[in-house]
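Notes to accompany the following structure.
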There are 2 protein chains.
Amino acid sequence: MSFDARIRAAIEGDIRSGTLRPGNRLLSEHELAALHGCSRATVSKAMGALHRAGLIERRRKAGSFVADQHVHSAVLEVPDLAALIAARGHVYRWQLLSRRLSGSALHVEGLHHEGDTALALETRSIAIDTVPQAAQESFDTIAPGTWLLAHIPWTSARHRIRAAGASAAEARALGVAENTACLILERSTWRGDAAVTTVRQVFRGDMFDMVAHFEPSRT
Amino acid sequence: MSFDARIRAAIEGDIRSGTLRPGNRLLSEHELAALHGCSRATVSKAMGALHRAGLIERRRKAGSFVADQHVHSAVLEVPDLAALIAARGHVYRWQLLSRRLSGSALHVEGLHHEGDTALALETRSIAIDTVPQAAQESFDTIAPGTWLLAHIPWTSARHRIRAAGASAAEARALGVAENTACLILERSTWRGDAAVTTVRQVFRGDMFDMVAHFEPSRT
DNA sequence: TCCGATATTATGTCTAGACATAATAATCCA
DNA sequence: TGGATTATTATGTCTAGACATAATATCGGA
């Protein structure tokens, strides 16, 4: 086991066992280096990993502190629908429902099909100020998400996940009864400070779920 | 801007703009160090961040490669319900519904209340082999999640998020109509290889959502 | 031709320093 | 006493090496 992993495990253990409690100060990097008999760079690497995992807070001059545990973070895998459906052994198909240019936004609506059934209804708006080439795309055979992925770089994204009953229009599009429970994924992406796209996907609740993992022990 | 951030931004930009495509090999760490005029350790740090962000794959001897972009990862914040409800300005309350010891598992069922309304129905089983002290707990005033957080260290967790209509029993407990759309969060936690607890929380869809962020530019 | 031993290569981990930077604590002067 | 200056401290970033390790490529022999 590497020094890095050893130091992480030691501190993580102290936090989880309650030896170190939220708000407590950890030893400084110098002290930990001396304690474990390794260099400060190695300690720093371990502390960086704990920080990313949300276990500790770090402040210059003040030191490192055990973070409040009221939230914890997990890595959410946001799948590409085409790849997901292919992995399940079905045929993926995108069906364009509408496309409308309004002001500086291009609005696209369509369905993601898994084999013969509609898996998700997508309502998207694309900022043509940020992605001017999108105005030339029909999106009648390629899904806008796939196209965007290949055409413009984005730097950050925000996802919101919730559950809601299908509206009349959504139910009709998905071929389910009105008010059927659906998982709704809303995603906004930015390139720097410029908005790129906002998408709302309504999934049939019985055919889709999302998975997230948490393992602090990742370097 | 630090070398680290600069190198990350350069490679990320090449990936997102399509200059580097999935499967392409990146320059080796040595070459990148020479190119950017910095040391290999700095390059390695940048590559580590890109790897954690899921943008690249790394293989010894073979090199680093642009990852397939069919999934991308985001950081999901899994809130502690008590803290979440407090932050919303309401009073949190846990109500125990049932507690039953069966074999090597302790089954606990209860409600998380936000003020006067039930926000979530929780069904949990706790492995008493891993957490023997739990057998002595009544859980009639403290929620098992809170108790577990304070009493045993866990090392990894897996979350599954989906939508479903409330069953008759769930609807009764939450005070909503049967088949109301609910967000269902199932979480299993482990301590090393030993299972700690499995919990299923059924949330009123109209009162709860989850948020996830993605920003590769985190060191 | 096939197999095993060897060399090569790129990442993984680490060291023992360095200077930068931000935040706090101490000090000194008006 | 109040406010501005200075010193101190811990993290943040970086260097120029080192050895370990895993995976591949190459070469020699049966």
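By convention in this document, the chains of the structure tokens carry letters A, B, ... by their order, each chain's residues are numbered from 1, and ligands are numbered from 1 in the order they are shown.
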Counting only C-alpha atoms (C1' of nucleotides), what are the residues of chain B within 9 Å of chain C, and for each of them which pair of atoms is the nearest and at what distance in Å, to one decimal? Sort the table by chain and rising number, as a Markdown table.
```
| residue | atom | partner | partner_atom | distance |
| --- | --- | --- | --- | --- |
| B:Ser28 | CA | C:DA10 | C1' | 6.9 |
| B:Glu29 | CA | C:DA10 | C1' | 7.9 |
| B:His30 | CA | C:DA10 | C1' | 8.8 |
| B:Ser44 | CA | C:DT11 | C1' | 8.8 |
| B:Arg58 | CA | C:DT11 | C1' | 7.6 |
| B:Arg59 | CA | C:DT11 | C1' | 6.8 |
| B:Arg60 | CA | C:DT11 | C1' | 4.6 |
| B:Lys61 | CA | C:DA10 | C1' | 3.9 |
| B:Ala62 | CA | C:DA10 | C1' | 6.2 |
| B:Gly63 | CA | C:DA10 | C1' | 5.6 |
| B:Ser64 | CA | C:DT11 | C1' | 8.7 |
```
Where does chain B meet chain A within 6 Å, residue by residue, with the nearest atom pair and distance in Å to one decimal for each, counting only C-alpha atoms, listed by chain and rising number, as a tab-separated table?
```
residue	atom	partner	partner_atom	distance
B:Arg16	CA	A:Pro153	CA	4.2
B:Ser17	CA	A:Pro153	CA	5.3
B:His70	CA	A:Asp80	CA	5.0
B:Val71	CA	A:Pro79	CA	4.4
B:His72	CA	A:Val78	CA	5.4
B:Ser73	CA	A:Glu77	CA	4.6
B:Ala74	CA	A:Leu76	CA	5.1
B:Val75	CA	A:Val75	CA	4.8
B:Leu76	CA	A:Ala74	CA	5.0
B:Glu77	CA	A:Ser73	CA	4.6
B:Val78	CA	A:His72	CA	5.4
B:Pro79	CA	A:Val71	CA	4.5
B:Asp80	CA	A:His70	CA	5.1
B:Pro153	CA	A:Arg16	CA	4.3
B:Ser156	CA	A:Glu215	CA	4.7
B:Ala157	CA	A:Phe214	CA	5.0
B:Arg158	CA	A:His213	CA	4.6
B:His159	CA	A:Ala212	CA	4.9
B:Arg160	CA	A:Val211	CA	4.5
B:Ile161	CA	A:Met210	CA	5.1
B:Arg162	CA	A:Asp209	CA	4.6
B:Ala163	CA	A:Gly205	CA	4.8
B:Ala164	CA	A:Ala181	CA	5.0
B:Gly165	CA	A:Ala181	CA	5.2
B:Ala181	CA	A:Ala181	CA	4.3
B:Cys182	CA	A:Ala163	CA	5.6
B:Leu183	CA	A:Ala163	CA	5.0
B:Gly205	CA	A:Ala163	CA	4.9
B:Asp209	CA	A:Arg162	CA	4.6
B:Met210	CA	A:Ile161	CA	5.1
B:Val211	CA	A:Arg160	CA	4.5
B:Ala212	CA	A:His159	CA	4.9
B:His213	CA	A:Arg158	CA	4.6
B:Phe214	CA	A:Ala157	CA	5.0
B:Glu215	CA	A:Ser156	CA	4.7
```
Go ahead and write the residues just picked, N, CA, C and O atoms, as a CSV table (one decimal), in the first residue's frame.
```
chain,number,residue,atom,x,y,z
B,16,ARG,N,-12.6,18.5,-26.4
B,16,ARG,CA,-14.0,19.0,-26.6
B,16,ARG,C,-14.1,19.6,-28.0
B,16,ARG,O,-15.2,19.6,-28.6
B,17,SER,N,-13.1,20.1,-28.6
B,17,SER,CA,-13.2,20.7,-29.9
B,17,SER,C,-13.0,19.7,-31.0
B,17,SER,O,-13.3,19.9,-32.2
B,70,HIS,N,-19.2,8.3,-24.1
B,70,HIS,CA,-20.6,7.9,-24.0
B,70,HIS,C,-21.2,8.0,-22.6
B,70,HIS,O,-22.4,8.1,-22.5
B,71,VAL,N,-20.4,8.1,-21.6
B,71,VAL,CA,-21.0,8.5,-20.3
B,71,VAL,C,-20.1,9.7,-19.9
B,71,VAL,O,-19.0,9.8,-20.2
B,72,HIS,N,-20.8,10.5,-19.1
B,72,HIS,CA,-19.9,11.5,-18.4
B,72,HIS,C,-20.4,11.5,-17.0
B,72,HIS,O,-21.5,11.1,-16.6
B,73,SER,N,-19.5,11.9,-16.1
B,73,SER,CA,-19.8,11.8,-14.7
B,73,SER,C,-20.0,13.2,-14.1
B,73,SER,O,-19.5,14.2,-14.6
B,74,ALA,N,-20.8,13.3,-13.2
B,74,ALA,CA,-21.1,14.5,-12.5
B,74,ALA,C,-21.1,14.2,-11.0
B,74,ALA,O,-21.3,13.1,-10.6
B,75,VAL,N,-20.9,15.3,-10.2
B,75,VAL,CA,-20.8,15.1,-8.8
B,75,VAL,C,-22.2,15.3,-8.2
B,75,VAL,O,-22.8,16.4,-8.3
B,76,LEU,N,-22.8,14.3,-7.6
B,76,LEU,CA,-24.1,14.3,-7.1
B,76,LEU,C,-24.0,14.6,-5.6
B,76,LEU,O,-23.3,14.0,-4.9
B,77,GLU,N,-24.8,15.6,-5.2
B,77,GLU,CA,-24.8,16.0,-3.8
B,77,GLU,C,-26.0,15.2,-3.1
B,77,GLU,O,-27.1,15.5,-3.4
B,78,VAL,N,-25.6,14.3,-2.3
B,78,VAL,CA,-26.7,13.5,-1.6
B,78,VAL,C,-26.8,14.2,-0.2
B,78,VAL,O,-26.0,14.2,0.6
B,79,PRO,N,-28.0,14.9,0.0
B,79,PRO,CA,-28.1,15.7,1.2
B,79,PRO,C,-28.5,14.8,2.4
B,79,PRO,O,-29.2,13.8,2.2
B,80,ASP,N,-28.2,15.3,3.5
B,80,ASP,CA,-28.7,14.8,4.8
B,80,ASP,C,-30.1,15.4,5.0
B,80,ASP,O,-30.2,16.7,4.9
B,153,PRO,N,-18.0,3.7,10.5
B,153,PRO,CA,-17.4,4.2,9.3
B,153,PRO,C,-17.7,3.3,8.1
B,153,PRO,O,-17.8,2.1,8.2
B,156,SER,N,-17.7,2.8,1.0
B,156,SER,CA,-18.2,3.1,-0.3
B,156,SER,C,-19.7,3.0,-0.3
B,156,SER,O,-20.3,2.4,0.5
B,157,ALA,N,-20.3,3.6,-1.3
B,157,ALA,CA,-21.8,3.7,-1.4
B,157,ALA,C,-22.2,3.6,-2.8
B,157,ALA,O,-21.5,4.0,-3.7
B,158,ARG,N,-23.4,3.0,-3.0
B,158,ARG,CA,-24.0,3.0,-4.4
B,158,ARG,C,-25.4,3.5,-4.3
B,158,ARG,O,-26.1,3.1,-3.4
B,159,HIS,N,-25.7,4.4,-5.2
B,159,HIS,CA,-27.1,5.0,-5.2
B,159,HIS,C,-27.8,4.7,-6.4
B,159,HIS,O,-27.2,4.6,-7.5
B,160,ARG,N,-29.1,4.5,-6.3
B,160,ARG,CA,-29.9,4.3,-7.5
B,160,ARG,C,-31.1,5.2,-7.4
B,160,ARG,O,-31.7,5.3,-6.3
B,161,ILE,N,-31.3,6.0,-8.5
B,161,ILE,CA,-32.4,7.0,-8.4
B,161,ILE,C,-33.4,6.6,-9.5
B,161,ILE,O,-33.0,6.5,-10.7
B,162,ARG,N,-34.6,6.6,-9.1
B,162,ARG,CA,-35.6,6.3,-10.2
B,162,ARG,C,-37.0,7.0,-9.8
B,162,ARG,O,-37.1,7.5,-8.7
B,163,ALA,N,-37.9,6.9,-10.7
B,163,ALA,CA,-39.2,7.4,-10.4
B,163,ALA,C,-40.2,6.3,-10.5
B,163,ALA,O,-40.1,5.4,-11.3
B,164,ALA,N,-41.2,6.4,-9.6
B,164,ALA,CA,-42.3,5.4,-9.6
B,164,ALA,C,-43.5,6.0,-9.0
B,164,ALA,O,-43.4,6.9,-8.1
B,165,GLY,N,-44.6,5.4,-9.3
B,165,GLY,CA,-45.9,5.8,-8.7
B,165,GLY,C,-46.0,5.2,-7.3
B,165,GLY,O,-45.5,4.1,-7.0
B,181,ALA,N,-46.5,10.5,-8.5
B,181,ALA,CA,-45.1,10.3,-8.9
B,181,ALA,C,-44.1,10.6,-7.7
B,181,ALA,O,-44.2,11.6,-7.1
B,182,CYS,N,-43.3,9.6,-7.4
B,182,CYS,CA,-42.3,9.8,-6.4
B,182,CYS,C,-40.9,9.5,-6.9
B,182,CYS,O,-40.7,8.7,-7.8
B,183,LEU,N,-39.9,10.2,-6.2
B,183,LEU,CA,-38.5,9.9,-6.5
B,183,LEU,C,-38.1,8.9,-5.5
B,183,LEU,O,-38.3,9.0,-4.3
B,205,GLY,N,-42.6,13.5,-5.0
B,205,GLY,CA,-42.0,14.1,-6.2
B,205,GLY,C,-42.1,15.6,-6.2
B,205,GLY,O,-41.3,16.3,-6.8
B,209,ASP,N,-35.9,17.3,-5.1
B,209,ASP,CA,-35.1,16.9,-6.3
B,209,ASP,C,-33.7,16.8,-5.9
B,209,ASP,O,-33.3,17.2,-4.8
B,210,MET,N,-32.9,16.3,-6.8
B,210,MET,CA,-31.5,16.2,-6.6
B,210,MET,C,-30.7,17.0,-7.6
B,210,MET,O,-31.1,17.1,-8.8
B,211,VAL,N,-29.5,17.4,-7.2
B,211,VAL,CA,-28.7,18.2,-8.1
B,211,VAL,C,-27.3,17.6,-8.3
B,211,VAL,O,-26.8,17.1,-7.3
B,212,ALA,N,-26.8,17.7,-9.5
B,212,ALA,CA,-25.5,17.2,-9.7
B,212,ALA,C,-24.7,18.2,-10.6
B,212,ALA,O,-25.3,18.9,-11.4
B,213,HIS,N,-23.4,18.4,-10.3
B,213,HIS,CA,-22.6,19.3,-11.0
B,213,HIS,C,-21.4,18.6,-11.7
B,213,HIS,O,-20.9,17.7,-11.2
B,214,PHE,N,-21.0,19.2,-12.8
B,214,PHE,CA,-19.8,18.7,-13.4
B,214,PHE,C,-18.9,19.9,-13.8
B,214,PHE,O,-19.3,20.8,-14.5
B,215,GLU,N,-17.7,19.9,-13.3
B,215,GLU,CA,-16.7,20.9,-13.6
B,215,GLU,C,-15.3,20.2,-13.6
B,215,GLU,O,-14.8,20.0,-12.6
```
For chain D against chain B, which residues fall within 8 Å using only C-alpha atoms (C1' of nucleotides), given as a ChimeraX atom specification? /D:13-16,22-24
Take the residues from that selection and put them in a file with N, CA, C and O atoms (P, O5', C5', C4', C3', O3' and C1' of nucleotides), as a compact mmCIF listing (two decimals), in the first residue's frame.
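Ended up saving to selection.txt:
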```txt
# COMPACT_ATOMS: atom_id res chain seq x y z
P DT D 13 -3.07 24.84 -6.43
O5' DT D 13 -1.57 24.98 -6.95
C5' DT D 13 -1.08 26.26 -7.30
C4' DT D 13 0.38 26.16 -7.59
C3' DT D 13 0.75 25.08 -8.62
O3' DT D 13 1.22 25.71 -9.80
C1' DT D 13 2.26 25.13 -6.78
P DC D 14 1.55 24.85 -11.09
O5' DC D 14 3.07 24.44 -10.89
C5' DC D 14 4.03 25.47 -10.72
C4' DC D 14 5.35 24.90 -10.25
C3' DC D 14 5.88 23.70 -11.05
O3' DC D 14 6.74 24.18 -12.08
C1' DC D 14 6.39 23.62 -8.69
P DT D 15 7.50 23.09 -13.02
O5' DT D 15 8.82 22.78 -12.20
C5' DT D 15 9.64 23.84 -11.76
C4' DT D 15 10.90 23.26 -11.16
C3' DT D 15 11.56 22.18 -12.00
O3' DT D 15 12.95 22.44 -12.12
C1' DT D 15 11.17 21.38 -9.80
P DA D 16 13.70 22.18 -13.50
O5' DA D 16 14.70 20.98 -13.16
C5' DA D 16 15.51 21.07 -11.98
C4' DA D 16 15.85 19.67 -11.50
C3' DA D 16 16.07 18.65 -12.62
O3' DA D 16 17.20 17.85 -12.31
C1' DA D 16 14.49 17.84 -11.10
P DA D 22 2.61 -4.52 -11.09
O5' DA D 22 1.86 -4.39 -12.49
C5' DA D 22 1.23 -3.14 -12.79
C4' DA D 22 1.30 -2.89 -14.27
C3' DA D 22 1.01 -4.12 -15.14
O3' DA D 22 0.07 -3.73 -16.11
C1' DA D 22 3.04 -3.11 -15.81
P DA D 23 -0.79 -4.80 -16.87
O5' DA D 23 -0.43 -4.49 -18.38
C5' DA D 23 -0.48 -3.13 -18.81
C4' DA D 23 0.40 -2.98 -20.01
C3' DA D 23 0.24 -4.08 -21.06
O3' DA D 23 0.03 -3.46 -22.31
C1' DA D 23 2.52 -3.75 -20.56
P DT D 24 -0.63 -4.23 -23.53
O5' DT D 24 0.50 -4.15 -24.65
C5' DT D 24 1.03 -2.86 -24.96
C4' DT D 24 2.47 -2.99 -25.35
C3' DT D 24 2.73 -3.86 -26.59
O3' DT D 24 3.03 -2.98 -27.66
C1' DT D 24 4.41 -4.10 -24.91
```
